[in-house]
$ cat input.cif   # mmCIF, C-alpha atoms and all ligand atoms
data_work
#
loop_
_atom_site.label_atom_id
_atom_site.label_comp_id
_atom_site.auth_asym_id
_atom_site.auth_seq_id
_atom_site.Cartn_x
_atom_site.Cartn_y
_atom_site.Cartn_z
CA MET A 1 0.00 0.00 0.00
CA SER A 2 1.22 3.50 -0.79
CA LEU A 3 2.36 5.46 2.24
CA LEU A 4 0.86 8.63 0.81
CA VAL A 5 -1.89 9.14 -1.73
CA VAL A 6 -2.73 12.65 -2.91
CA ASP A 7 -5.84 12.51 -5.03
CA ASP A 8 -6.98 15.48 -7.12
CA LEU A 9 -5.88 18.03 -4.54
CA VAL A 10 -7.17 21.54 -5.07
CA LYS A 11 -6.39 24.59 -2.94
CA THR A 12 -7.79 27.99 -3.74
CA TYR A 13 -6.89 30.70 -1.25
CA PRO A 14 -9.91 32.95 -0.85
CA GLY A 15 -9.42 36.50 -2.08
CA GLY A 16 -9.71 39.57 0.08
CA ARG A 17 -11.37 42.88 -0.60
CA LYS A 18 -8.64 43.95 -2.98
CA SER A 19 -7.05 40.65 -3.95
CA PRO A 20 -8.59 37.96 -6.17
CA PRO A 21 -8.63 34.31 -5.05
CA VAL A 22 -5.41 32.37 -5.79
CA GLU A 23 -5.64 28.93 -7.35
CA ALA A 24 -2.43 27.66 -5.77
CA VAL A 25 -3.02 23.95 -6.42
CA ARG A 26 -5.27 22.91 -9.29
CA GLY A 27 -5.84 19.16 -9.21
CA VAL A 28 -2.63 17.47 -8.14
CA SER A 29 -2.44 13.67 -7.83
CA PHE A 30 0.50 11.48 -6.91
CA SER A 31 1.41 8.70 -4.53
CA VAL A 32 4.54 7.89 -2.59
CA GLU A 33 5.63 4.36 -1.73
CA PRO A 34 7.15 3.37 1.62
CA GLY A 35 10.89 4.10 1.60
CA GLU A 36 10.74 6.32 -1.45
CA PHE A 37 12.47 9.66 -1.90
CA PHE A 38 9.94 11.73 -3.83
CA GLY A 39 10.39 15.25 -5.16
CA LEU A 40 8.29 18.23 -6.17
CA LEU A 41 10.40 20.38 -8.45
CA GLY A 42 9.15 23.76 -9.57
CA PRO A 43 9.63 27.52 -9.62
CA ASN A 44 8.44 30.12 -7.10
CA GLY A 45 4.71 30.10 -6.66
CA ALA A 46 4.22 26.68 -8.28
CA GLY A 47 2.22 25.45 -5.28
CA LYS A 48 4.85 23.27 -3.62
CA SER A 49 4.49 24.67 -0.09
CA THR A 50 0.73 24.66 -0.38
CA THR A 51 0.80 20.97 -1.31
CA ILE A 52 3.15 20.22 1.61
CA GLY A 53 0.89 22.30 3.87
CA CYS A 54 -2.15 20.23 2.89
CA ILE A 55 -0.30 16.96 3.56
CA SER A 56 0.88 18.19 6.95
CA THR A 57 -2.67 19.39 7.78
CA LEU A 58 -1.57 23.03 8.22
CA VAL A 59 -3.49 24.08 5.12
CA ARG A 60 -7.07 22.99 4.57
CA PRO A 61 -7.62 21.67 1.05
CA THR A 62 -10.44 23.13 -1.02
CA SER A 63 -11.11 19.65 -2.38
CA GLY A 64 -9.40 16.34 -2.96
CA ARG A 65 -8.26 13.53 -0.72
CA ILE A 66 -5.02 12.82 1.12
CA LEU A 67 -4.39 9.38 2.59
CA VAL A 68 -1.44 8.66 4.85
CA ASP A 69 -0.99 4.95 5.36
CA GLY A 70 -4.60 4.56 4.33
CA VAL A 71 -5.89 7.17 6.79
CA ASP A 72 -7.75 10.17 5.41
CA ILE A 73 -5.96 13.04 7.12
CA THR A 74 -8.69 15.58 6.61
CA ARG A 75 -10.95 13.33 8.71
CA ALA A 76 -8.32 12.22 11.23
CA PRO A 77 -5.66 14.93 11.37
CA ALA A 78 -4.21 13.70 14.67
CA GLU A 79 -3.50 10.29 13.15
CA GLY A 80 -1.77 11.94 10.24
CA LYS A 81 0.33 14.22 12.43
CA ARG A 82 1.82 11.33 14.29
CA ARG A 83 3.06 9.68 11.11
CA ILE A 84 4.32 12.83 9.43
CA ALA A 85 7.02 15.35 10.22
CA VAL A 86 7.48 18.60 8.38
CA VAL A 87 10.54 20.75 8.00
CA PRO A 88 9.00 24.01 6.83
CA GLN A 89 10.46 26.41 4.30
CA THR A 90 10.88 29.22 6.81
CA ARG A 91 12.94 28.35 9.85
CA ASN A 92 10.72 28.36 12.87
CA LEU A 93 12.99 27.52 15.79
CA ASP A 94 11.94 28.99 19.09
CA HIS A 95 14.73 31.36 20.03
CA ASP A 96 14.10 31.20 23.77
CA LEU A 97 15.10 27.55 24.00
CA THR A 98 18.43 25.85 23.56
CA VAL A 99 18.86 23.47 20.67
CA ARG A 100 18.63 20.44 22.93
CA GLU A 101 15.52 21.79 24.70
CA LEU A 102 13.84 22.31 21.34
CA LEU A 103 14.15 18.62 20.60
CA VAL A 104 13.20 17.44 24.07
CA TYR A 105 10.06 19.65 24.13
CA HIS A 106 9.04 18.34 20.76
CA GLY A 107 9.41 14.80 22.11
CA ARG A 108 7.29 15.68 25.11
CA TYR A 109 4.58 17.13 22.88
CA PHE A 110 4.42 13.78 21.13
CA GLY A 111 4.27 11.93 24.45
CA LEU A 112 7.72 10.33 24.51
CA PRO A 113 8.75 9.24 28.02
CA SER A 114 11.40 11.44 29.63
CA ALA A 115 14.40 9.12 29.37
CA GLU A 116 13.60 8.27 25.77
CA ARG A 117 13.26 11.86 24.63
CA GLU A 118 16.54 12.83 26.28
CA ALA A 119 18.35 9.91 24.68
CA ARG A 120 16.80 10.52 21.28
CA ALA A 121 17.66 14.21 21.38
CA ASP A 122 21.31 13.44 22.08
CA ARG A 123 21.47 10.79 19.39
CA LEU A 124 19.82 12.95 16.73
CA LEU A 125 22.00 15.98 17.50
CA GLU A 126 24.99 13.69 17.14
CA GLU A 127 23.73 12.28 13.83
CA MET A 128 22.97 15.73 12.48
CA GLN A 129 26.47 16.86 13.50
CA VAL A 130 25.25 19.65 15.74
CA SER A 131 25.83 18.14 19.19
CA ASP A 132 28.44 20.81 19.94
CA LYS A 133 25.57 23.33 19.69
CA ALA A 134 23.25 21.49 22.10
CA SER A 135 23.31 24.23 24.74
CA ALA A 136 23.30 27.15 22.30
CA LYS A 137 20.29 29.22 21.27
CA PRO A 138 19.35 28.75 17.59
CA SER A 139 20.24 32.37 16.78
CA LYS A 140 23.90 31.49 17.40
CA LEU A 141 23.85 28.82 14.67
CA SER A 142 24.57 29.14 10.97
CA GLY A 143 21.75 28.63 8.48
CA GLY A 144 22.98 25.13 7.68
CA GLN A 145 23.19 24.22 11.36
CA GLN A 146 19.68 25.56 12.00
CA GLN A 147 18.42 23.44 9.13
CA ARG A 148 20.05 20.36 10.70
CA VAL A 149 18.39 21.16 14.02
CA MET A 150 15.02 21.44 12.26
CA ILE A 151 15.54 18.01 10.74
CA ALA A 152 16.65 16.55 14.07
CA ARG A 153 13.52 17.97 15.70
CA ALA A 154 11.35 16.57 12.93
CA LEU A 155 12.77 13.09 13.54
CA MET A 156 12.12 13.12 17.30
CA HIS A 157 8.75 11.37 17.14
CA ASP A 158 9.98 8.75 14.68
CA PRO A 159 7.76 9.75 11.75
CA GLN A 160 7.18 7.49 8.76
CA LEU A 161 7.08 10.34 6.30
CA VAL A 162 9.25 13.46 6.41
CA LEU A 163 8.30 16.50 4.36
CA LEU A 164 11.20 18.78 3.51
CA ASP A 165 10.17 22.12 2.05
CA GLU A 166 13.18 23.60 0.21
CA PRO A 167 15.66 22.39 2.83
CA THR A 168 18.76 23.80 1.16
CA THR A 169 17.52 27.16 -0.10
CA GLY A 170 19.81 29.89 1.19
CA LEU A 171 22.59 27.50 2.18
CA ASP A 172 26.06 27.87 0.74
CA PRO A 173 27.20 25.09 -1.63
CA GLN A 174 29.24 23.34 1.04
CA ALA A 175 26.42 23.24 3.59
CA ARG A 176 24.08 22.08 0.82
CA ARG A 177 26.33 19.17 -0.09
CA LEU A 178 26.73 18.19 3.54
CA LEU A 179 22.96 18.15 3.96
CA TRP A 180 22.50 16.10 0.79
CA GLY A 181 24.84 13.50 2.30
CA THR A 182 22.86 13.42 5.53
CA LEU A 183 19.51 13.09 3.75
CA HIS A 184 20.88 10.33 1.58
CA GLU A 185 21.99 8.48 4.71
CA LEU A 186 18.65 8.91 6.50
CA HIS A 187 16.89 7.65 3.42
CA GLY A 188 19.16 4.63 3.40
CA ARG A 189 17.78 3.79 6.85
CA GLY A 190 14.26 3.57 5.53
CA ILE A 191 12.76 7.02 6.08
CA THR A 192 10.35 8.12 3.36
CA PHE A 193 10.93 11.65 2.14
CA ILE A 194 9.08 14.21 0.12
CA LEU A 195 11.31 17.09 -0.87
CA THR A 196 10.42 20.31 -2.60
CA THR A 197 13.09 22.22 -4.41
CA HIS A 198 13.85 24.49 -7.29
CA TYR A 199 17.40 23.16 -7.57
CA MET A 200 17.59 20.77 -10.50
CA GLU A 201 20.75 19.16 -9.25
CA GLU A 202 19.25 18.54 -5.84
CA ALA A 203 16.20 16.86 -7.32
CA ASP A 204 18.37 14.79 -9.63
CA ARG A 205 20.69 13.60 -6.88
CA LEU A 206 18.21 12.83 -4.15
CA CYS A 207 14.87 11.97 -5.68
CA GLN A 208 13.98 8.54 -6.98
CA ARG A 209 10.87 9.94 -8.64
CA LEU A 210 9.79 13.49 -9.04
CA ALA A 211 6.95 15.62 -10.26
CA ILE A 212 7.73 18.82 -12.10
CA VAL A 213 5.12 21.36 -10.99
CA ASP A 214 4.20 24.74 -12.37
CA HIS A 215 1.17 26.98 -11.78
CA GLY A 216 -0.45 24.48 -9.44
CA ARG A 217 -0.26 21.50 -11.78
CA ILE A 218 1.99 18.51 -12.33
CA LEU A 219 3.54 18.77 -15.77
CA THR A 220 5.23 15.39 -15.65
CA LEU A 221 6.14 12.72 -13.12
CA ASP A 222 8.77 9.99 -13.39
CA THR A 223 12.30 8.98 -12.39
CA PRO A 224 14.96 11.57 -13.24
CA ALA A 225 16.48 9.18 -15.79
CA ALA A 226 13.16 8.53 -17.51
CA LEU A 227 12.37 12.26 -17.63
CA LYS A 228 15.68 12.98 -19.30
CA LYS A 229 15.06 10.20 -21.80
CA THR A 230 11.91 11.92 -23.05
CA LEU A 231 14.04 14.64 -24.66
CA PRO A 232 14.39 14.42 -28.44
CA GLY A 233 18.20 14.19 -28.85
CA ALA A 234 21.12 12.37 -27.28
CA GLN A 235 22.74 15.63 -26.12
CA VAL A 236 21.85 19.27 -25.71
CA LEU A 237 23.84 21.96 -27.46
CA ASP A 238 23.16 25.39 -26.01
CA LEU A 239 24.09 28.48 -27.97
CA TRP A 240 23.94 32.04 -26.66
CA VAL A 241 24.07 34.29 -29.71
CA ARG A 242 23.43 37.79 -30.97
CA ALA A 243 22.15 37.48 -34.49
CA PRO A 244 21.07 40.09 -37.04
CA GLU A 245 18.46 37.71 -38.45
CA PRO A 246 16.76 34.61 -36.98
CA LEU A 247 19.20 31.70 -36.88
CA ALA A 248 16.69 28.99 -36.11
CA PRO A 249 15.71 28.09 -39.72
CA ARG A 250 19.38 27.73 -40.67
CA LEU A 251 20.24 25.56 -37.68
CA GLU A 252 17.12 23.40 -37.87
CA SER A 253 18.00 22.26 -41.36
CA ILE A 254 21.37 20.83 -40.31
CA PRO A 255 21.32 17.02 -40.41
CA GLY A 256 21.76 15.68 -36.85
CA VAL A 257 19.85 18.56 -35.26
CA GLN A 258 16.71 16.83 -34.06
CA ASN A 259 14.96 19.71 -32.45
CA LEU A 260 15.49 23.37 -31.66
CA GLU A 261 14.00 25.50 -28.93
CA ARG A 262 14.27 29.21 -28.26
CA VAL A 263 14.54 29.98 -24.58
CA GLU A 264 13.55 33.23 -22.97
CA VAL A 265 16.66 34.85 -21.56
CA GLU A 266 15.78 37.02 -18.61
CA GLY A 267 16.85 40.62 -19.07
CA ASP A 268 17.90 40.06 -22.68
CA GLY A 269 17.72 43.76 -23.55
CA ASP A 270 21.01 43.54 -25.36
CA GLY A 271 19.65 41.14 -27.98
CA LEU A 272 21.21 37.99 -26.58
CA GLU A 273 19.20 34.88 -27.37
CA ARG A 274 19.54 31.32 -26.21
CA LEU A 275 18.97 28.51 -28.68
CA ARG A 276 18.90 24.92 -27.55
CA LEU A 277 19.61 22.23 -30.07
CA PHE A 278 18.86 18.62 -29.33
CA VAL A 279 21.55 16.80 -31.25
CA ASP A 280 23.40 13.60 -31.95
CA PRO A 281 26.88 15.10 -31.93
CA LYS A 282 28.68 12.91 -34.44
CA ASP A 283 30.26 13.27 -37.92
CA GLY A 284 31.28 16.89 -37.66
CA LEU A 285 27.95 18.17 -36.42
CA LEU A 286 29.53 20.76 -34.14
CA ASP A 287 31.56 22.08 -37.04
CA ARG A 288 28.47 22.44 -39.18
CA VAL A 289 26.59 24.26 -36.44
CA LEU A 290 29.40 26.73 -35.80
CA HIS A 291 29.79 27.39 -39.53
CA SER A 292 26.12 28.01 -39.87
CA VAL A 293 26.18 30.50 -36.97
CA ARG A 294 29.01 32.35 -38.69
CA ASP A 295 27.26 32.27 -42.10
CA GLY A 296 24.22 33.83 -40.42
CA GLY A 297 26.39 36.77 -39.39
CA ALA A 298 25.79 36.01 -35.73
CA ASP A 299 28.04 36.72 -32.80
CA LEU A 300 28.51 33.58 -30.76
CA HIS A 301 28.64 34.51 -27.12
CA HIS A 302 28.76 31.19 -25.32
CA VAL A 303 28.37 27.46 -26.10
CA ASN A 304 27.60 24.47 -23.95
CA LEU A 305 27.29 20.81 -24.92
CA ALA A 306 25.98 18.47 -22.25
CA GLN A 307 24.04 15.36 -21.42
CA PRO A 308 20.39 16.29 -20.97
CA SER A 309 19.64 17.49 -17.43
CA LEU A 310 16.41 18.05 -15.54
CA GLU A 311 16.77 21.70 -16.47
CA ASP A 312 16.46 20.65 -20.12
CA VAL A 313 13.32 18.74 -19.26
CA TYR A 314 11.89 21.79 -17.51
CA ILE A 315 12.72 24.10 -20.39
CA HIS A 316 11.37 21.59 -22.89
CA LEU A 317 8.06 21.53 -20.99
CA THR A 318 7.68 25.21 -20.20
CA GLY A 319 9.90 27.19 -22.57
CA LYS A 320 11.33 29.01 -19.54
CA GLU A 321 14.48 28.76 -17.49
CA LEU A 322 14.03 27.69 -13.91
CA ARG A 323 16.07 30.24 -12.04
CA ASP A 324 18.06 29.33 -8.96
N1 LIG B 401 -1.83 32.02 2.70
C1 LIG B 401 -1.93 32.39 1.42
N2 LIG B 401 -2.90 33.23 1.01
C2 LIG B 401 -3.03 33.62 -0.28
N3 LIG B 401 -2.23 33.17 -1.26
C3 LIG B 401 -1.24 32.33 -0.94
C4 LIG B 401 -1.03 31.90 0.42
N4 LIG B 401 0.03 31.05 0.43
C5 LIG B 401 0.47 30.98 -0.84
N5 LIG B 401 -0.30 31.73 -1.67
C6 LIG B 401 -0.16 31.84 -3.14
O1 LIG B 401 -0.31 30.56 -3.70
C7 LIG B 401 0.60 30.34 -4.77
C8 LIG B 401 1.45 29.13 -4.49
O2 LIG B 401 2.27 29.41 -3.36
P1 LIG B 401 3.22 28.32 -2.69
O3 LIG B 401 3.83 28.95 -1.50
O4 LIG B 401 2.47 27.06 -2.50
O5 LIG B 401 4.31 28.12 -3.84
P2 LIG B 401 5.76 27.44 -3.77
O6 LIG B 401 5.85 26.53 -4.93
O7 LIG B 401 6.01 26.89 -2.43
O8 LIG B 401 6.71 28.70 -4.03
P3 LIG B 401 8.19 29.01 -3.44
O9 LIG B 401 9.17 28.25 -4.30
O10 LIG B 401 8.33 30.49 -3.64
O11 LIG B 401 8.23 28.61 -2.01
C9 LIG B 401 1.37 31.64 -4.90
O12 LIG B 401 0.78 32.39 -5.92
C10 LIG B 401 1.22 32.30 -3.55
O13 LIG B 401 1.30 33.70 -3.67
MG MG B 402 7.40 27.23 -1.03
#
$ encode --input "input.cif" --output "structure tokens"
Amino acid sequence: MSLLVVDDLVKTYPGGRKSPPVEAVRGVSFSVEPGEFFGLLGPNGAGKSTTIGCISTLVRPTSGRILVDGVDITRAPAEGKRRIAVVPQTRNLDHDLTVRELLVYHGRYFGLPSAEREARADRLLEEMQVSDKASAKPSKLSGGQQQRVMIARALMHDPQLVLLDEPTTGLDPQARRLLWGTLHELHGRGITFILTTHYMEEADRLCQRLAIVDHGRILTLDTPAALKKTLPGAQVLDLWVRAPEPLAPRLESIPGVQNLERVEVEGDGDGLERLRLFVDPKDGLLDRVLHSVRDGGADLHHVNLAQPSLEDVYIHLTGKELRD
């Protein structure tokens, strides 16, 4: 049985006097199997936090059903809460308590006996590599350390399903990598995760399956490898050019170019355009492309040839870049 079933979830935030209603989630369905690492990948405002909020019972769905381990959480929210932990997007550590107290209080709230909550707190702080901060107030910790404390706190009541809402946003690359390692390890021990992110690389590394979401809808859902396989060519050749006339017709007619997409470049006031060619880069294809750019009188600004990434999938689906 799936650990989580989200069935046709809709959330419309009611409008106010001056603001219209917001259709944040518009019919989202997916399920997560026990032990899976599942991702929701999408840009700002896609509806990721709203979806997480509905699963964690903090946001009341407009319609749809959410089952956790077979239990309908809109009917039995207490049951759901016990099985789920959420690490919210905005850090919400109580600044009057020490790090260790935060964990112990959380354990008490969930009814853990005293000795057990003390022992668990120490073990989790150790595992999250923040035990040296046990007696510090959260405000004395770095962003990465605070994030680790939030995860430690979430794990106190031994949840089956952990919801991580953009856990590495705002962290520096080193702290991000460290956290990826930790999450990977926790997953290896059987915890089921749902992660939201707008970092392609994060989704690719951690998630076994993921849904790409935009404007409150799932655009596609599969394993990262399968998503990348849906792209038309073996590799992606990206060209950033300034051209006096459209280059696309020229480039499209080159044998070996299977598909071409124009991508919106943000702030492209200076006439820079990004063309993405899905190619099989053999038999002098690169040469032909570069010649063709020159013949078109274009100024080649930058080139990149790569294996398809999740970013390519996103651009292919939406025609936009997903900005970090
Ligand atoms: N409490 C609220 N009241 C009204 N509108 C809201 C509320 N919360 C979110 N929204 C709106 O719902 C839409 C989806 O927001 P949500 O926070 O779910 O997106 P997100 O994918 O988590 O974005 P981000 O990547 O920026 O965190 C947005 O248009 C947002 O402005
Ligand atoms: Mg969010």
$ atom_distance --input "input.cif" --atom1 "atom CA of A:Val257" --atom2 "atom CA of A:Ala225"
21.9 Å
$ closest_residue --input "input.cif" --among "A:Ala203, A:Leu67, A:Ile315, A:Leu58" --to "A:Glu264" --atoms "all atoms listed in the file"
A:Ile315
$ residues_near_ligand --input "input.cif" --ligand "ligand LIG 401 (chain B)" --cutoff "7 Å" --atoms "all atoms listed in the file" --output "tab-separated table (two decimals) with C-alpha atoms, in the coordinates of the input"
chain	number	residue	atom	x	y	z
A	13	TYR	CA	-6.89	30.70	-1.25
A	14	PRO	CA	-9.91	32.95	-0.85
A	22	VAL	CA	-5.41	32.37	-5.79
A	23	GLU	CA	-5.64	28.93	-7.35
A	24	ALA	CA	-2.43	27.66	-5.77
A	42	GLY	CA	9.15	23.76	-9.57
A	43	PRO	CA	9.63	27.52	-9.62
A	44	ASN	CA	8.44	30.12	-7.10
A	45	GLY	CA	4.71	30.10	-6.66
A	46	ALA	CA	4.22	26.68	-8.28
A	47	GLY	CA	2.22	25.45	-5.28
A	48	LYS	CA	4.85	23.27	-3.62
A	49	SER	CA	4.49	24.67	-0.09
A	50	THR	CA	0.73	24.66	-0.38
A	51	THR	CA	0.80	20.97	-1.31
A	198	HIS	CA	13.85	24.49	-7.29
$ closest_residue --input "input.cif" --among "A:Leu206, A:Val303, A:Leu195, A:Val10" --to "ligand MG 402 (chain B)" --atoms "all atoms listed in the file"
A:Leu195
$ closest_residue --input "input.cif" --among "A:His302, A:Arg82, A:Lys320, A:His291" --to "A:Val68" --atoms "only C-alpha atoms"
A:Arg82
$ residues_around --input "input.cif" --residues "stretch 108-119 of chain A" --least-positions-apart "2" --cutoff "12 Å" --atoms "all atoms listed in the file" --output "PyMOL selection string"
chain A and resi 78-79+81-85+100-106+121-126+134+153-159
$ residues_around --input "input.cif" --residues "A:Val5" --least-positions-apart "5" --cutoff "8 Å" --atoms "all atoms listed in the file" --output "mmCIF file with C-alpha atoms, in the coordinates of the input"
data_model
loop_
_atom_site.group_PDB
_atom_site.id
_atom_site.type_symbol
_atom_site.label_atom_id
_atom_site.label_comp_id
_atom_site.auth_asym_id
_atom_site.auth_seq_id
_atom_site.Cartn_x
_atom_site.Cartn_y
_atom_site.Cartn_z
ATOM 1 C CA SER A 29 -2.440 13.670 -7.830
ATOM 2 C CA PHE A 30 0.500 11.480 -6.910
ATOM 3 C CA SER A 31 1.410 8.700 -4.530
ATOM 4 C CA VAL A 32 4.540 7.890 -2.590
ATOM 5 C CA ARG A 65 -8.260 13.530 -0.720
ATOM 6 C CA ILE A 66 -5.020 12.820 1.120
ATOM 7 C CA LEU A 67 -4.390 9.380 2.590
ATOM 8 C CA VAL A 68 -1.440 8.660 4.850
#
$ closest_residue --input "input.cif" --among "A:Thr90, A:Thr168, A:Gln160, A:Thr62" --to "ligand MG 402 (chain B)" --atoms "only C-alpha atoms and all ligand atoms"
A:Thr90
$ closest_residue --input "input.cif" --among "A:Asp283, A:Glu266, A:Asp214, A:Asp299" --to "A:Ala243" --atoms "all atoms listed in the file"
A:Asp299
$ atom_distance --input "input.cif" --atom1 "atom CA of A:Ile151" --atom2 "atom CA of A:Phe37"
15.5 Å
$ closest_residue --input "input.cif" --among "A:Ala175, A:Val162, A:Ile52, A:Val28" --to "ligand MG 402 (chain B)" --atoms "all atoms listed in the file"
A:Ile52
